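**Student:** Sharing data_9.cif below, mmCIF, C-alpha atoms:
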data_work
#
loop_
_atom_site.label_atom_id
_atom_site.label_comp_id
_atom_site.auth_asym_id
_atom_site.auth_seq_id
_atom_site.Cartn_x
_atom_site.Cartn_y
_atom_site.Cartn_z
CA MET A 1 -53.07 41.22 -71.03
CA ALA A 2 -53.82 42.60 -74.48
CA CYS A 3 -51.86 45.60 -75.65
CA VAL A 4 -53.50 48.64 -77.24
CA ARG A 5 -51.07 50.73 -79.29
CA LEU A 6 -51.12 54.40 -78.35
CA PRO A 7 -49.66 57.46 -80.10
CA SER A 8 -46.33 58.94 -79.04
CA ALA A 9 -46.26 61.65 -76.40
CA ALA A 10 -43.79 63.73 -78.47
CA ALA A 11 -41.77 63.29 -76.20
CA ALA A 12 -11.84 62.59 -76.04
CA SER A 13 -9.18 64.54 -74.84
CA PRO A 14 -9.49 66.30 -71.47
CA LEU A 15 -8.67 69.98 -71.90
CA ALA A 16 -8.43 72.46 -69.06
CA SER A 17 -9.47 76.11 -69.27
CA PHE A 18 -6.76 77.40 -66.90
CA ARG A 19 -5.62 80.95 -67.20
CA VAL A 20 -1.93 80.97 -68.09
CA SER A 21 -1.02 82.94 -64.99
CA THR A 22 -2.43 80.28 -62.66
CA LEU A 23 -0.99 77.21 -64.35
CA PRO A 24 2.06 75.60 -62.71
CA PRO A 25 4.87 74.67 -65.17
CA ARG A 26 4.31 70.95 -64.74
CA PHE A 27 0.86 71.28 -66.37
CA ALA A 28 2.25 72.75 -69.59
CA ARG A 29 2.24 69.46 -71.47
CA PRO A 30 0.24 67.80 -74.28
CA GLY A 31 -3.41 67.16 -73.38
CA ILE A 32 -3.78 70.33 -71.27
CA ARG A 33 -5.00 73.40 -73.05
CA LEU A 34 -3.98 76.91 -72.03
CA THR A 35 -6.54 79.58 -72.78
CA LYS A 36 -6.11 83.33 -72.76
CA PRO A 37 -8.58 85.64 -71.07
CA LEU A 38 -11.15 87.04 -73.47
CA ARG A 39 -12.61 90.50 -72.91
CA ARG A 40 -15.17 90.52 -75.65
CA PHE A 41 -18.04 88.14 -76.35
CA ALA A 42 -21.49 88.56 -77.86
CA SER A 43 -24.06 87.04 -75.50
CA LEU A 44 -25.25 83.58 -76.43
CA ALA A 45 -28.98 82.99 -76.70
CA ALA A 46 -30.56 81.79 -73.47
CA SER A 47 -31.90 78.73 -75.25
CA THR A 48 -29.59 75.78 -75.85
CA ALA A 49 -31.58 74.72 -78.90
CA ARG A 50 -28.48 75.19 -81.02
CA ALA A 51 -25.31 73.30 -80.21
CA PHE A 52 -22.51 74.96 -78.25
CA ASP A 53 -18.90 73.91 -77.94
CA TRP A 54 -16.11 74.34 -75.40
CA ASP A 55 -15.01 77.57 -77.02
CA ASP A 56 -18.45 79.02 -76.27
CA VAL A 57 -18.17 77.84 -72.67
CA VAL A 58 -14.71 79.39 -72.25
CA ARG A 59 -15.82 82.72 -73.72
CA VAL A 60 -18.81 82.96 -71.41
CA ALA A 61 -16.75 81.86 -68.41
CA GLU A 62 -13.93 84.36 -68.92
CA GLU A 63 -15.83 87.36 -70.23
CA VAL A 64 -15.54 90.42 -67.99
CA ARG A 65 -18.84 92.27 -67.83
CA GLU A 66 -18.47 95.73 -66.40
CA ASP A 67 -22.20 96.08 -65.69
CA GLU A 68 -22.53 92.72 -63.93
CA ASP A 69 -22.71 92.52 -60.15
CA PRO A 70 -21.10 89.25 -58.93
CA SER A 71 -23.28 89.37 -55.80
CA ASP A 72 -26.47 89.31 -57.91
CA LEU A 73 -28.02 85.88 -57.30
CA ARG A 74 -30.77 86.12 -59.90
CA GLY A 75 -28.95 83.84 -62.34
CA TYR A 76 -28.86 81.11 -59.70
CA PHE A 77 -32.53 81.57 -58.82
CA GLU A 78 -33.38 81.09 -62.50
CA LYS A 79 -31.66 77.69 -62.49
CA VAL A 80 -33.67 76.67 -59.44
CA ARG A 81 -36.88 77.70 -61.22
CA LEU A 82 -35.92 75.57 -64.23
CA CYS A 83 -36.03 72.50 -61.98
CA ASN A 84 -39.24 73.47 -60.20
CA ARG A 85 -41.66 74.27 -63.01
CA GLY A 86 -45.41 73.83 -63.13
CA SER A 87 -46.47 74.16 -59.48
CA ASP A 88 -49.77 75.59 -60.76
CA LEU A 89 -50.40 72.29 -62.56
CA GLN A 90 -50.41 70.13 -59.42
CA SER A 91 -54.22 69.90 -59.40
CA GLU A 92 -54.01 68.00 -62.71
CA PHE A 93 -52.22 65.08 -61.00
CA VAL A 94 -53.92 62.43 -58.87
CA PRO A 95 -52.26 60.26 -56.21
CA PHE A 96 -50.82 56.88 -57.18
CA LEU A 97 -51.25 54.40 -54.31
CA VAL A 98 -49.87 51.00 -53.39
CA VAL A 99 -51.51 49.27 -50.41
CA ASP A 100 -53.15 52.58 -49.49
CA GLN A 101 -49.87 54.51 -49.37
CA ILE A 102 -49.10 57.32 -51.79
CA VAL A 103 -45.99 56.51 -53.80
CA GLY A 104 -46.46 58.91 -56.71
CA TYR A 105 -48.73 61.14 -58.79
CA VAL A 106 -50.23 60.55 -62.25
CA HIS A 107 -51.51 63.18 -64.66
CA ASN A 108 -55.27 62.89 -65.17
CA ARG A 109 -54.88 62.51 -68.95
CA PHE A 110 -52.26 59.80 -68.48
CA VAL A 111 -54.77 58.01 -66.24
CA ASP A 112 -56.95 57.56 -69.32
CA HIS A 113 -54.22 55.37 -70.83
CA LEU A 114 -53.93 53.26 -67.68
CA ARG A 115 -57.64 52.40 -67.52
CA GLN A 116 -57.23 49.69 -70.17
CA PHE A 117 -55.07 47.65 -67.77
CA GLU A 118 -57.88 46.67 -65.37
CA GLU A 119 -55.88 43.85 -63.80
CA VAL A 120 -53.01 46.18 -62.96
CA PHE A 121 -54.48 49.59 -62.10
CA LYS A 122 -57.70 50.49 -60.31
CA VAL A 123 -58.94 53.99 -61.16
CA ASN A 124 -61.06 55.61 -58.47
CA PHE A 125 -63.01 58.67 -59.53
CA GLY A 126 -63.91 61.64 -57.37
CA LYS A 127 -67.23 63.43 -57.42
CA ASN A 128 -69.25 63.50 -60.65
CA GLU A 129 -67.06 60.84 -62.24
CA ALA A 130 -64.18 63.32 -62.40
CA TYR A 131 -60.54 62.64 -61.55
CA THR A 132 -60.45 65.52 -59.05
CA GLY A 133 -60.43 63.93 -55.63
CA GLY A 134 -59.79 60.49 -57.11
CA ASN A 135 -56.69 58.32 -57.33
CA VAL A 136 -55.03 55.40 -59.10
CA GLN A 137 -54.25 52.27 -57.12
CA LEU A 138 -52.13 49.29 -57.97
CA HIS A 139 -54.51 46.34 -58.07
CA TYR A 140 -54.85 44.54 -54.72
CA SER A 141 -54.42 41.15 -56.43
CA LEU A 142 -50.78 42.06 -57.00
CA VAL A 143 -49.27 41.12 -53.67
CA THR A 144 -45.52 40.63 -53.98
CA PRO A 145 -42.95 43.13 -55.30
CA GLU A 146 -42.10 40.68 -58.08
CA GLU A 147 -45.73 40.38 -59.22
CA ARG A 148 -46.15 44.16 -59.23
CA THR A 149 -42.89 44.75 -61.09
CA ARG A 150 -43.82 42.23 -63.77
CA ALA A 151 -47.41 43.49 -64.21
CA VAL A 152 -46.50 47.19 -64.38
CA GLY A 153 -43.56 46.41 -66.66
CA ASN A 154 -45.85 44.62 -69.12
CA ALA A 155 -48.25 47.57 -69.09
CA ILE A 156 -45.41 49.98 -69.85
CA LYS A 157 -44.34 47.83 -72.81
CA CYS A 158 -47.89 47.98 -74.12
CA LEU A 159 -47.92 51.78 -73.86
CA GLY A 160 -45.19 51.86 -76.47
CA GLY A 161 -44.12 55.33 -77.58
CA LEU A 162 -46.18 57.05 -74.91
CA ILE A 163 -43.15 56.56 -72.64
CA PRO A 164 -40.04 57.22 -74.76
CA GLY A 165 -36.45 56.36 -73.93
CA ILE A 166 -36.91 52.94 -72.31
CA ARG A 167 -33.61 52.03 -70.63
CA ASN A 168 -34.34 48.63 -69.07
CA GLU A 169 -33.13 50.03 -65.77
CA LEU A 170 -35.31 49.69 -62.68
CA TYR A 171 -35.97 52.28 -60.00
CA PRO A 172 -37.37 51.31 -56.58
CA VAL A 173 -40.92 52.48 -55.81
CA LYS A 174 -41.51 53.37 -52.16
CA PRO A 175 -43.13 56.16 -50.11
CA SER A 176 -39.77 57.45 -48.86
CA PHE A 177 -36.08 56.60 -49.01
CA GLU A 178 -35.92 54.38 -45.93
CA GLU A 179 -39.23 52.54 -46.52
CA PRO A 180 -39.45 49.01 -47.97
CA VAL A 181 -39.67 48.72 -51.76
CA PHE A 182 -43.19 48.02 -53.07
CA PHE A 183 -42.02 47.19 -56.59
CA SER A 184 -39.53 48.32 -59.24
CA LEU A 185 -40.35 50.58 -62.17
CA GLU A 186 -38.66 51.24 -65.52
CA ARG A 187 -36.53 54.36 -65.12
CA ALA A 188 -38.04 56.14 -68.14
CA ALA A 189 -41.51 55.69 -66.64
CA ALA A 190 -40.63 57.15 -63.23
CA PRO A 191 -41.78 60.73 -64.00
CA TYR A 192 -45.01 59.46 -65.62
CA PHE A 193 -45.93 57.84 -62.31
CA GLY A 194 -44.50 60.68 -60.24
CA ILE A 195 -42.48 58.38 -58.00
CA LYS A 196 -39.65 59.63 -55.84
CA ALA A 197 -36.37 59.09 -57.65
CA TYR A 198 -32.93 59.33 -56.10
CA GLY A 199 -29.51 59.92 -57.58
CA VAL A 200 -25.87 60.52 -56.69
CA HIS A 201 -24.02 63.60 -57.99
CA MET A 202 -20.33 64.20 -57.34
CA ASN A 203 -18.29 67.36 -57.74
CA GLY A 204 -14.69 66.43 -58.52
CA TYR A 205 -12.36 69.31 -57.74
CA VAL A 206 -8.66 70.12 -57.66
CA GLU A 207 -6.81 72.77 -55.64
CA ILE A 208 -3.88 74.50 -57.34
CA ASN A 209 -2.01 77.42 -55.78
CA GLY A 210 -4.90 78.04 -53.40
CA GLU A 211 -7.55 78.15 -56.17
CA ASN A 212 -10.24 75.50 -56.68
CA PHE A 213 -11.02 74.03 -60.11
CA LEU A 214 -13.94 71.76 -61.03
CA TRP A 215 -13.80 68.95 -63.56
CA ILE A 216 -16.75 69.45 -65.91
CA GLY A 217 -18.04 66.93 -68.44
CA LYS A 218 -19.85 67.56 -71.72
CA ARG A 219 -22.49 64.91 -72.29
CA SER A 220 -22.42 62.78 -75.40
CA ILE A 221 -24.60 64.07 -78.22
CA SER A 222 -26.15 60.57 -78.37
CA LYS A 223 -27.49 60.71 -74.80
CA GLN A 224 -31.26 60.21 -74.60
CA THR A 225 -31.61 63.11 -72.17
CA PHE A 226 -29.91 66.53 -72.32
CA PRO A 227 -27.47 65.54 -75.11
CA GLY A 228 -24.41 67.76 -75.45
CA MET A 229 -25.03 69.70 -72.25
CA LEU A 230 -22.58 70.25 -69.40
CA ASP A 231 -22.54 67.86 -66.47
CA HIS A 232 -20.72 66.98 -63.28
CA LEU A 233 -17.65 64.83 -63.29
CA VAL A 234 -19.87 61.96 -62.07
CA ALA A 235 -23.66 61.60 -61.70
CA GLY A 236 -26.23 58.85 -61.98
CA GLY A 237 -29.65 57.66 -60.88
CA LEU A 238 -29.88 55.25 -57.96
CA PRO A 239 -31.15 51.90 -59.27
CA HIS A 240 -32.97 49.23 -57.32
CA GLY A 241 -30.85 47.10 -54.99
CA MET A 242 -27.77 49.32 -54.83
CA SER A 243 -26.51 51.57 -52.04
CA CYS A 244 -25.51 55.17 -52.67
CA LYS A 245 -21.84 54.41 -52.02
CA GLU A 246 -21.82 51.39 -54.33
CA ASN A 247 -23.59 53.37 -57.04
CA LEU A 248 -21.17 56.29 -56.71
CA GLN A 249 -18.15 54.01 -57.03
CA LYS A 250 -19.67 52.30 -60.08
CA GLU A 251 -20.45 55.64 -61.75
CA CYS A 252 -16.96 56.95 -60.93
CA GLU A 253 -15.39 54.02 -62.76
CA GLU A 254 -17.76 54.14 -65.75
CA GLU A 255 -18.03 57.89 -66.29
CA ALA A 256 -14.60 59.17 -65.34
CA GLY A 257 -12.24 56.22 -64.89
CA ILE A 258 -11.84 56.98 -61.18
CA PRO A 259 -10.53 53.90 -59.33
CA ARG A 260 -12.17 52.83 -56.10
CA SER A 261 -9.02 53.74 -54.21
CA LEU A 262 -9.95 57.37 -54.97
CA SER A 263 -13.77 57.28 -55.04
CA ASN A 264 -13.79 55.52 -51.68
CA VAL A 265 -12.81 58.80 -49.99
CA ALA A 266 -15.54 60.91 -51.64
CA THR A 267 -17.34 62.91 -48.94
CA SER A 268 -21.12 62.86 -48.55
CA VAL A 269 -22.17 66.51 -48.17
CA GLY A 270 -25.98 66.48 -48.15
CA ALA A 271 -28.75 66.55 -50.74
CA VAL A 272 -30.76 68.83 -53.02
CA SER A 273 -34.32 68.22 -54.20
CA TYR A 274 -36.87 69.60 -56.63
CA MET A 275 -40.37 69.04 -58.04
CA ASP A 276 -40.89 69.60 -61.75
CA MET A 277 -44.25 69.25 -63.53
CA ASP A 278 -44.33 69.34 -67.32
CA GLY A 279 -47.00 67.67 -69.44
CA TYR A 280 -47.56 64.13 -68.14
CA SER A 281 -44.28 64.26 -66.23
CA PHE A 282 -43.95 64.88 -62.48
CA LYS A 283 -40.32 64.63 -61.36
CA ARG A 284 -39.83 64.35 -57.59
CA ASP A 285 -36.08 63.94 -57.33
CA VAL A 286 -33.61 63.88 -54.45
CA LEU A 287 -29.93 64.08 -55.36
CA PHE A 288 -27.36 62.95 -52.81
CA CYS A 289 -24.32 65.21 -53.18
CA TYR A 290 -20.67 64.24 -52.86
CA ASP A 291 -17.36 66.08 -53.07
CA LEU A 292 -14.11 64.44 -54.10
CA LYS A 293 -10.82 66.33 -53.93
CA LEU A 294 -8.67 64.82 -56.66
CA PRO A 295 -4.90 64.73 -57.13
CA VAL A 296 -3.66 67.54 -59.37
CA ASP A 297 -2.27 65.05 -61.88
CA PHE A 298 -5.51 63.06 -62.24
CA ILE A 299 -7.17 63.24 -65.67
CA PRO A 300 -10.64 61.67 -66.07
CA LYS A 301 -11.39 59.22 -68.85
CA ASN A 302 -14.92 58.22 -69.79
CA GLU A 303 -15.44 54.46 -70.05
CA ASP A 304 -19.14 54.10 -70.99
CA GLY A 305 -19.46 56.50 -73.93
CA GLU A 306 -21.84 58.85 -72.10
CA VAL A 307 -19.38 61.76 -71.84
CA ASP A 308 -17.87 63.42 -74.89
CA SER A 309 -15.03 65.26 -73.12
CA PHE A 310 -13.87 66.84 -69.87
CA ARG A 311 -12.40 70.22 -68.96
CA LEU A 312 -10.90 71.53 -65.74
CA VAL A 313 -12.36 74.97 -65.04
CA PRO A 314 -11.82 77.46 -62.19
CA VAL A 315 -14.82 77.39 -59.85
CA THR A 316 -15.38 81.13 -60.30
CA GLN A 317 -15.68 80.59 -64.04
CA VAL A 318 -18.06 77.65 -63.58
CA ALA A 319 -20.22 80.01 -61.51
CA ASN A 320 -20.23 82.47 -64.42
CA VAL A 321 -21.44 79.80 -66.84
CA ILE A 322 -24.26 78.79 -64.49
CA ARG A 323 -25.38 82.37 -63.89
CA ARG A 324 -25.16 83.46 -67.53
CA THR A 325 -26.30 80.45 -69.58
CA LYS A 326 -28.39 77.31 -69.73
CA PHE A 327 -25.45 75.16 -70.80
CA PHE A 328 -25.60 72.91 -67.73
CA LYS A 329 -28.06 70.06 -67.34
CA PRO A 330 -30.58 71.77 -65.01
CA ASN A 331 -30.28 69.55 -61.94
CA CYS A 332 -26.46 69.63 -62.16
CA ALA A 333 -26.61 73.40 -61.80
CA LEU A 334 -28.37 72.95 -58.44
CA VAL A 335 -25.65 70.64 -57.14
CA ILE A 336 -22.92 73.06 -58.19
CA ILE A 337 -24.77 75.99 -56.58
CA ASP A 338 -24.80 73.92 -53.38
CA PHE A 339 -21.02 73.48 -53.80
CA LEU A 340 -20.67 77.28 -54.13
CA PHE A 341 -22.47 77.75 -50.82
CA ARG A 342 -20.40 75.16 -48.97
CA HIS A 343 -17.08 76.45 -50.26
CA GLY A 344 -17.76 80.12 -49.59
CA TYR A 345 -18.36 81.40 -53.13
CA ILE A 346 -21.86 82.55 -52.11
CA THR A 347 -21.92 84.38 -48.78
CA PRO A 348 -24.57 85.62 -46.31
CA ASP A 349 -23.79 89.23 -47.27
CA GLU A 350 -25.38 88.67 -50.68
CA GLN A 351 -29.06 89.56 -50.93
CA GLY A 352 -31.27 86.48 -51.18
CA TYR A 353 -28.70 84.15 -49.58
CA LEU A 354 -31.13 82.29 -47.27
CA LYS A 355 -33.92 82.16 -49.82
CA LEU A 356 -31.59 80.65 -52.43
CA LEU A 357 -30.16 78.20 -49.89
CA GLN A 358 -33.65 77.03 -48.95
CA SER A 359 -34.75 76.77 -52.59
CA LEU A 360 -32.15 74.07 -53.26
CA ARG A 361 -34.44 71.73 -51.30
CA SER A 362 -37.76 72.68 -52.85
CA GLY A 363 -38.77 69.05 -53.18
CA ASP A 364 -39.72 66.56 -50.49
CA CYS A 365 -36.47 65.31 -48.94
CA SER A 366 -37.82 62.05 -47.58
#
Using C-alpha cells, write down the structure that the file contains.

**Tutor:**
Amino acid sequence: MACVRLPSAAAASPLASFRVSTLPPRFARPGIRLTKPLRRFASLAASTARAFDWDDVVRVAEEVREDEDPSDLRGYFEKVRLCNRGSDLQSEFVPFLVVDQIVGYVHNRFVDHLRQFEEVFKVNFGKNEAYTGGNVQLHYSLVTPEERTRAVGNAIKCLGGLIPGIRNELYPVKPSFEEPVFFSLERAAAPYFGIKAYGVHMNGYVEINGENFLWIGKRSISKQTFPGMLDHLVAGGLPHGMSCKENLQKECEEEAGIPRSLSNVATSVGAVSYMDMDGYSFKRDVLFCYDLKLPVDFIPKNEDGEVDSFRLVPVTQVANVIRRTKFFKPNCALVIIDFLFRHGYITPDEQGYLKLLQSLRSGDCS
C-alpha cells in the first residue's frame, strides 16, 4: 500500500492545601504545606492559555465571594458543555461500519483522506455523489481482527501528521462495551474514527475530622494532551485486552504509587459519558468511575512521569475550582461533579439538580 503524505491537521513534592484550623498536629511535618485563607483575589481569565500554578489554584479555591451563590449550578453546567460541544455538526459525520455494524463516525472531509486506501476502506456515497446519506466501511476482504488491525494501522502511519500524538497504544473497536472486538485502533486515531472509547477515573479521598479531602494531580507540562492541567489522582484509557479492574490497578501503581493492597478495595460507582465534536474529531467516551478512601498518612508518588505534583484539597474547595475556572482537564471535571452528587455536596434542593445529574451521561452509555 503506497503512502501519500498529507499536511498536518494543526492539531515532586506532594503539598496539601489544608486550612490550618482543620489540620491535625500529626500532619504538621515536612512535605505538607499549610496555607492561610485568602480573602482577596483578582479573577483569573477563563482561558487556560497561560500557565497557572498551585498558588493560583489555592487562591481561587479559598477566595470568599460575597456575591456568589453556592447553590448556583451554572459553573458545573459549563463544564458539561465543554465536553459536549458541536452537536450541530453531527450531520458532517458519516457512519463507519465493520461487517454492516456501526462502530464509529468519520468527518466527511476526513473521508477524503481515506479514499486513497482502497484496499482498506470502502467509501459509499449518498445521493448525487455526496457524503450525506453515505458511509465508510472497512473492506470486506479484511476478515480477522488481526488483518483489520494491521491494515488500518498501516493506513494511519501513511496519514502522518494528519493524526498527531501517535502513542502506539491500541483501543478496541466494537459497537458497544460487551460486544466482541472487531479490531484494534491506535489510541490517537480513536476520535478521528469516532469509535467508542472507555476509560477508568478514580477519585482518591481522605476523611479528616469529618471533612473530606481529594487528592488532585497537576499533569506534566510534557503531556501530549492537556499539559499542566489539573487531574484526578488516577485516570487512564482502557486499552485492548485489559479489564477495568486490571487497568485501574496498573494506573494506580504508575500514576500515584498506590499498591494493589490499597487499589484492590477501590469501589466502582458508575459511569459518566459525553459526545464532543470538534473539527475532524468525534469523541464518544464512557468513563468508569471509582472511589478509593485512602489512609490519612498516604502520600501519592508518580512513577511514570505523567504527573508533575499532587495536592490534598478540601472537597468544597475543589468544587470552587471547578465552578470558577477551567483549570481541570474537562472530562475530569465531570467525574468530580459526579462525586459531588454522590457525597451530598450537590443536593436536590438546588435548582437544576436533575438536569445536571442527567447531563453527566450525555453520551451513549453502551

**Student:** Figure out the distance between atom CA of A:Met229 and atom CA of A:Ile216, please, to one decimal in Å.

**Tutor:** 10.4 Å

**Student:** For the file shown, what are the residues hit by the PyMOL selection byres ((chain A and resi 274) around 7), laid out as a ChimeraX atom specification?

**Tutor:** /A:83-84,273,275-276,284-286,361-363

**Student:** Report as a PyMOL selection string the residues that result from applying the PyMOL selection byres ((chain A and resi 224) around 12) to the structure here.

**Tutor:** chain A and resi 11+164-167+188+219-223+225-229+306

**Student:** List the residues selected by the PyMOL selection byres ((chain A and resi 192) around 8) in the file shown, writing them as a list in words.

**Tutor:** Tyr105, Val106, His107, Phe110, Ile163, Ala189, Ala190, Pro191, Phe193, Gly194, Tyr280, Ser281 and Phe282 of chain A

**Student:** Determine the nearest neighbour of A:Lys79 from the options A:Leu360, A:Leu294, A:Ala333, A:Ile346, counting all atoms listed in the file.

**Tutor:**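 Using all atoms listed in the file, A:Lys79 sits closest to A:Ala333.
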
**Student:** Taking all atoms listed in the file into account, name the residue in A:Gly86, A:Lys174, A:Asn154, A:Asp53 that is nearest to A:Asp100.

**Tutor:**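 The answer is A:Lys174, which sits nearest to A:Asp100.
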
**Student:** What is the atom CA of A:Arg115-atom CA of A:Glu186 distance in Å, reported with one decimal?

**Tutor:**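 Going from atom CA of A:Arg115 over to atom CA of A:Glu186 covers 19.1 Å.
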
**Student:** Using only C-alpha atoms, which residue out of A:Ala151, A:Val60, A:Ala256, A:Ile195 lies closest to A:Asn302?

**Tutor:**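 For A:Asn302, the nearest of the candidates is A:Ala256.
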
**Student:** So, with only C-alpha atoms as the atoms that count, which of A:Ser263, A:Gln90, A:Ser141, A:Gln116 lies closest to A:Pro295?

**Tutor:**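 That would be A:Ser263, the residue with the smallest distance to A:Pro295.
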
**Student:** Under the rule that all atoms listed in the file are counted, which of A:Asn212, A:Thr144, A:Thr132, A:Ser71 is the nearest residue to A:Thr316?

**Tutor:**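 Checking each candidate against A:Thr316, we get A:Asn212 as the closest.
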
**Student:** Can you fill out stretch 274-300 of chain A with N, CA and C atoms and hand it back as a PDB file, in the frame of the given file?

**Tutor:**
ATOM      1  N   TYR A 274     -36.021  68.719 -55.827  1.00  0.00           N
ATOM      2  CA  TYR A 274     -36.870  69.600 -56.630  1.00  0.00           C
ATOM      3  C   TYR A 274     -38.120  68.847 -57.070  1.00  0.00           C
ATOM      4  N   MET A 275     -39.134  69.602 -57.493  1.00  0.00           N
ATOM      5  CA  MET A 275     -40.370  69.040 -58.040  1.00  0.00           C
ATOM      6  C   MET A 275     -40.678  69.767 -59.341  1.00  0.00           C
ATOM      7  N   ASP A 276     -40.720  69.018 -60.429  1.00  0.00           N
ATOM      8  CA  ASP A 276     -40.890  69.600 -61.750  1.00  0.00           C
ATOM      9  C   ASP A 276     -42.068  68.944 -62.450  1.00  0.00           C
ATOM     10  N   MET A 277     -43.072  69.748 -62.830  1.00  0.00           N
ATOM     11  CA  MET A 277     -44.250  69.250 -63.530  1.00  0.00           C
ATOM     12  C   MET A 277     -44.286  69.815 -64.944  1.00  0.00           C
ATOM     13  N   ASP A 278     -44.341  68.912 -65.927  1.00  0.00           N
ATOM     14  CA  ASP A 278     -44.330  69.340 -67.320  1.00  0.00           C
ATOM     15  C   ASP A 278     -45.054  68.294 -68.150  1.00  0.00           C
ATOM     16  N   GLY A 279     -46.209  68.644 -68.696  1.00  0.00           N
ATOM     17  CA  GLY A 279     -47.000  67.670 -69.440  1.00  0.00           C
ATOM     18  C   GLY A 279     -47.450  66.543 -68.530  1.00  0.00           C
ATOM     19  N   TYR A 280     -47.214  65.297 -68.965  1.00  0.00           N
ATOM     20  CA  TYR A 280     -47.560  64.130 -68.140  1.00  0.00           C
ATOM     21  C   TYR A 280     -46.534  63.863 -67.040  1.00  0.00           C
ATOM     22  N   SER A 281     -45.424  64.565 -67.095  1.00  0.00           N
ATOM     23  CA  SER A 281     -44.280  64.260 -66.230  1.00  0.00           C
ATOM     24  C   SER A 281     -44.331  65.011 -64.902  1.00  0.00           C
ATOM     25  N   PHE A 282     -44.057  64.292 -63.820  1.00  0.00           N
ATOM     26  CA  PHE A 282     -43.950  64.880 -62.480  1.00  0.00           C
ATOM     27  C   PHE A 282     -42.681  64.299 -61.858  1.00  0.00           C
ATOM     28  N   LYS A 283     -41.603  65.094 -61.909  1.00  0.00           N
ATOM     29  CA  LYS A 283     -40.320  64.630 -61.360  1.00  0.00           C
ATOM     30  C   LYS A 283     -40.213  65.056 -59.901  1.00  0.00           C
ATOM     31  N   ARG A 284     -40.031  64.088 -59.025  1.00  0.00           N
ATOM     32  CA  ARG A 284     -39.830  64.350 -57.590  1.00  0.00           C
ATOM     33  C   ARG A 284     -38.480  63.724 -57.221  1.00  0.00           C
ATOM     34  N   ASP A 285     -37.425  64.483 -57.430  1.00  0.00           N
ATOM     35  CA  ASP A 285     -36.080  63.940 -57.330  1.00  0.00           C
ATOM     36  C   ASP A 285     -35.333  64.432 -56.091  1.00  0.00           C
ATOM     37  N   VAL A 286     -34.551  63.542 -55.522  1.00  0.00           N
ATOM     38  CA  VAL A 286     -33.610  63.880 -54.450  1.00  0.00           C
ATOM     39  C   VAL A 286     -32.229  63.438 -54.914  1.00  0.00           C
ATOM     40  N   LEU A 287     -31.286  64.367 -54.913  1.00  0.00           N
ATOM     41  CA  LEU A 287     -29.930  64.080 -55.360  1.00  0.00           C
ATOM     42  C   LEU A 287     -28.977  64.122 -54.176  1.00  0.00           C
ATOM     43  N   PHE A 288     -28.353  63.004 -53.878  1.00  0.00           N
ATOM     44  CA  PHE A 288     -27.360  62.950 -52.810  1.00  0.00           C
ATOM     45  C   PHE A 288     -26.042  63.496 -53.355  1.00  0.00           C
ATOM     46  N   CYS A 289     -25.486  64.482 -52.672  1.00  0.00           N
ATOM     47  CA  CYS A 289     -24.320  65.210 -53.180  1.00  0.00           C
ATOM     48  C   CYS A 289     -23.035  64.730 -52.513  1.00  0.00           C
ATOM     49  N   TYR A 290     -21.983  64.662 -53.329  1.00  0.00           N
ATOM     50  CA  TYR A 290     -20.670  64.240 -52.860  1.00  0.00           C
ATOM     51  C   TYR A 290     -19.613  65.194 -53.399  1.00  0.00           C
ATOM     52  N   ASP A 291     -18.548  65.357 -52.625  1.00  0.00           N
ATOM     53  CA  ASP A 291     -17.360  66.080 -53.070  1.00  0.00           C
ATOM     54  C   ASP A 291     -16.188  65.112 -53.074  1.00  0.00           C
ATOM     55  N   LEU A 292     -15.338  65.228 -54.075  1.00  0.00           N
ATOM     56  CA  LEU A 292     -14.110  64.440 -54.100  1.00  0.00           C
ATOM     57  C   LEU A 292     -12.967  65.350 -54.526  1.00  0.00           C
ATOM     58  N   LYS A 293     -12.014  65.553 -53.603  1.00  0.00           N
ATOM     59  CA  LYS A 293     -10.820  66.330 -53.930  1.00  0.00           C
ATOM     60  C   LYS A 293      -9.837  65.387 -54.598  1.00  0.00           C
ATOM     61  N   LEU A 294      -9.484  65.702 -55.843  1.00  0.00           N
ATOM     62  CA  LEU A 294      -8.670  64.820 -56.660  1.00  0.00           C
ATOM     63  C   LEU A 294      -7.215  65.274 -56.700  1.00  0.00           C
ATOM     64  N   PRO A 295      -6.302  64.343 -56.954  1.00  0.00           N
ATOM     65  CA  PRO A 295      -4.900  64.730 -57.130  1.00  0.00           C
ATOM     66  C   PRO A 295      -4.759  65.659 -58.341  1.00  0.00           C
ATOM     67  N   VAL A 296      -3.811  66.569 -58.286  1.00  0.00           N
ATOM     68  CA  VAL A 296      -3.660  67.540 -59.370  1.00  0.00           C
ATOM     69  C   VAL A 296      -3.260  66.892 -60.691  1.00  0.00           C
ATOM     70  N   ASP A 297      -2.682  65.702 -60.640  1.00  0.00           N
ATOM     71  CA  ASP A 297      -2.270  65.050 -61.880  1.00  0.00           C
ATOM     72  C   ASP A 297      -3.292  64.054 -62.408  1.00  0.00           C
ATOM     73  N   PHE A 298      -4.474  63.977 -61.761  1.00  0.00           N
ATOM     74  CA  PHE A 298      -5.510  63.060 -62.240  1.00  0.00           C
ATOM     75  C   PHE A 298      -6.222  63.651 -63.459  1.00  0.00           C
ATOM     76  N   ILE A 299      -6.416  62.836 -64.483  1.00  0.00           N
ATOM     77  CA  ILE A 299      -7.170  63.240 -65.670  1.00  0.00           C
ATOM     78  C   ILE A 299      -8.266  62.208 -65.906  1.00  0.00           C
ATOM     79  N   PRO A 300      -9.542  62.622 -65.887  1.00  0.00           N
ATOM     80  CA  PRO A 300     -10.640  61.670 -66.070  1.00  0.00           C
ATOM     81  C   PRO A 300     -10.693  61.096 -67.471  1.00  0.00           C
TER      82      PRO A 300
END
